[in-house]
Amino acid sequence: LLQLDRRSEAKERLSEIQIETLPLKSSSIYARIEYAECLAKLASTRPAAEQFAIAIQQSQNLGNSRAESYAIGRLAHLYEQSKQWQEAQQ
């Protein structure tokens, strides 16, 4: 929907997603990262950053360093885009 420039419909659909109900496994972590990416495009930085942080924590809990690295990189990119340089460097 975002690629079709149907932002209002995408925002509505995004609010219907119940990301918290997903089981703790690698595919759910990547789903949360994608969800955070959509939030970053449709909402403010804070909700997206919170979802990335949850994905990082869940990755650590599972011992999935690849997912953890990806989530950290996406979070840093989000901070970089919003010109939050201090956060991006952490």
# chains A, B, ... in the order shown; residues from 1 in each chain; ligands from 1
call {"tool": "closest_atom_pairs", "arguments": {"of": "stretch 13-37 of chain A", "to": "stretch 50-64 of chain A", "cutoff": "9 Å", "atoms": "only C-alpha atoms", "output": "Markdown table"}}
result
| residue | atom | partner | partner_atom | distance |
| --- | --- | --- | --- | --- |
| A:Leu24 | CA | A:Gln58 | CA | 7.2 |
| A:Lys25 | CA | A:Leu62 | CA | 7.3 |
| A:Ser26 | CA | A:Asn64 | CA | 7.4 |
| A:Ser28 | CA | A:Ala55 | CA | 8.8 |
| A:Ile29 | CA | A:Ala55 | CA | 5.4 |
| A:Tyr30 | CA | A:Ala55 | CA | 7.8 |
| A:Arg32 | CA | A:Ala55 | CA | 6.4 |
| A:Ile33 | CA | A:Phe52 | CA | 6.0 |
| A:Tyr35 | CA | A:Gln51 | CA | 7.8 |
| A:Ala36 | CA | A:Gln51 | CA | 5.5 |
| A:Glu37 | CA | A:Phe52 | CA | 8.7 |
call {"tool": "closest_residue", "arguments": {"among": "A:Ser8, A:Ser65, A:Gln18, A:Thr45", "to": "A:Glu80", "atoms": "only C-alpha atoms"}}
result
A:Thr45
call {"tool": "atom_distance", "arguments": {"atom1": "atom CA of A:Ala40", "atom2": "atom CA of A:Ile19"}}
result
15.2 Å
call {"tool": "atom_distance", "arguments": {"atom1": "atom CA of A:Tyr79", "atom2": "atom CA of A:Ala48"}}
result
10.2 Å
call {"tool": "atom_distance", "arguments": {"atom1": "atom CA of A:Gly73", "atom2": "atom CA of A:Ala43"}}
result
19.4 Å
call {"tool": "closest_residue", "arguments": {"among": "A:Ala49, A:Leu39, A:Leu22, A:Ala31", "to": "A:Ala67", "atoms": "only C-alpha atoms"}}
result
A:Ala31
call {"tool": "closest_residue", "arguments": {"among": "A:Ile72, A:Glu16, A:Leu78, A:Thr21", "to": "A:Lys41", "atoms": "only C-alpha atoms"}}
result
A:Leu78
call {"tool": "select_by_dssp", "arguments": {"residues": "stretch 14-90 of chain A", "states": "alpha helix (DSSP H)", "output": "JSON, numbers by chain"}}
result
{"A": [14, 15, 16, 26, 27, 28, 29, 30, 31, 32, 33, 34, 35, 36, 37, 38, 39, 40, 41, 42, 45, 46, 47, 48, 49, 50, 51, 52, 53, 54, 55, 56, 57, 58, 59, 60, 61, 62, 65, 66, 67, 68, 69, 70, 71, 72, 73, 74, 75, 76, 77, 78, 79, 80, 81, 85, 86, 87, 88, 89]}
call {"tool": "decode", "arguments": {"residues": "stretch 32-47 of chain A", "atoms": "N, CA and C atoms", "output": "PDB file, in the first residue's frame"}}
result
ATOM      1  N   ARG A  32       8.437  -8.172  13.198  1.00  0.00           N
ATOM      2  CA  ARG A  32       8.416  -6.963  14.028  1.00  0.00           C
ATOM      3  C   ARG A  32       9.301  -5.876  13.422  1.00  0.00           C
ATOM      4  N   ILE A  33      10.424  -6.262  12.854  1.00  0.00           N
ATOM      5  CA  ILE A  33      11.307  -5.285  12.211  1.00  0.00           C
ATOM      6  C   ILE A  33      10.603  -4.647  11.019  1.00  0.00           C
ATOM      7  N   GLU A  34       9.911  -5.442  10.219  1.00  0.00           N
ATOM      8  CA  GLU A  34       9.154  -4.909   9.086  1.00  0.00           C
ATOM      9  C   GLU A  34       8.026  -3.994   9.566  1.00  0.00           C
ATOM     10  N   TYR A  35       7.388  -4.404  10.648  1.00  0.00           N
ATOM     11  CA  TYR A  35       6.328  -3.578  11.258  1.00  0.00           C
ATOM     12  C   TYR A  35       6.913  -2.227  11.684  1.00  0.00           C
ATOM     13  N   ALA A  36       8.074  -2.251  12.312  1.00  0.00           N
ATOM     14  CA  ALA A  36       8.734  -1.019  12.741  1.00  0.00           C
ATOM     15  C   ALA A  36       9.085  -0.137  11.544  1.00  0.00           C
ATOM     16  N   GLU A  37       9.507  -0.769  10.453  1.00  0.00           N
ATOM     17  CA  GLU A  37       9.817  -0.012   9.232  1.00  0.00           C
ATOM     18  C   GLU A  37       8.569   0.730   8.733  1.00  0.00           C
ATOM     19  N   CYS A  38       7.447   0.041   8.756  1.00  0.00           N
ATOM     20  CA  CYS A  38       6.187   0.674   8.331  1.00  0.00           C
ATOM     21  C   CYS A  38       5.807   1.803   9.273  1.00  0.00           C
ATOM     22  N   LEU A  39       5.966   1.575  10.576  1.00  0.00           N
ATOM     23  CA  LEU A  39       5.688   2.632  11.548  1.00  0.00           C
ATOM     24  C   LEU A  39       6.550   3.864  11.278  1.00  0.00           C
ATOM     25  N   ALA A  40       7.798   3.629  10.951  1.00  0.00           N
ATOM     26  CA  ALA A  40       8.716   4.741  10.683  1.00  0.00           C
ATOM     27  C   ALA A  40       8.253   5.575   9.496  1.00  0.00           C
ATOM     28  N   LYS A  41       7.642   4.927   8.527  1.00  0.00           N
ATOM     29  CA  LYS A  41       7.169   5.640   7.343  1.00  0.00           C
ATOM     30  C   LYS A  41       5.828   6.330   7.569  1.00  0.00           C
ATOM     31  N   LEU A  42       5.031   5.801   8.486  1.00  0.00           N
ATOM     32  CA  LEU A  42       3.671   6.306   8.667  1.00  0.00           C
ATOM     33  C   LEU A  42       3.444   7.081   9.957  1.00  0.00           C
ATOM     34  N   ALA A  43       4.265   6.857  10.935  1.00  0.00           N
ATOM     35  CA  ALA A  43       4.058   7.487  12.233  1.00  0.00           C
ATOM     36  C   ALA A  43       5.322   8.262  12.613  1.00  0.00           C
ATOM     37  N   SER A  44       5.498   8.458  13.886  1.00  0.00           N
ATOM     38  CA  SER A  44       6.694   9.162  14.340  1.00  0.00           C
ATOM     39  C   SER A  44       7.816   8.171  14.637  1.00  0.00           C
ATOM     40  N   THR A  45       8.962   8.705  14.939  1.00  0.00           N
ATOM     41  CA  THR A  45      10.146   7.893  15.184  1.00  0.00           C
ATOM     42  C   THR A  45      10.005   7.039  16.436  1.00  0.00           C
ATOM     43  N   ARG A  46       9.386   7.571  17.466  1.00  0.00           N
ATOM     44  CA  ARG A  46       9.351   6.886  18.764  1.00  0.00           C
ATOM     45  C   ARG A  46       8.711   5.493  18.714  1.00  0.00           C
ATOM     46  N   PRO A  47       7.491   5.333  18.159  1.00  0.00           N
ATOM     47  CA  PRO A  47       6.910   3.984  18.130  1.00  0.00           C
ATOM     48  C   PRO A  47       7.752   2.991  17.327  1.00  0.00           C
TER      49      PRO A  47
END
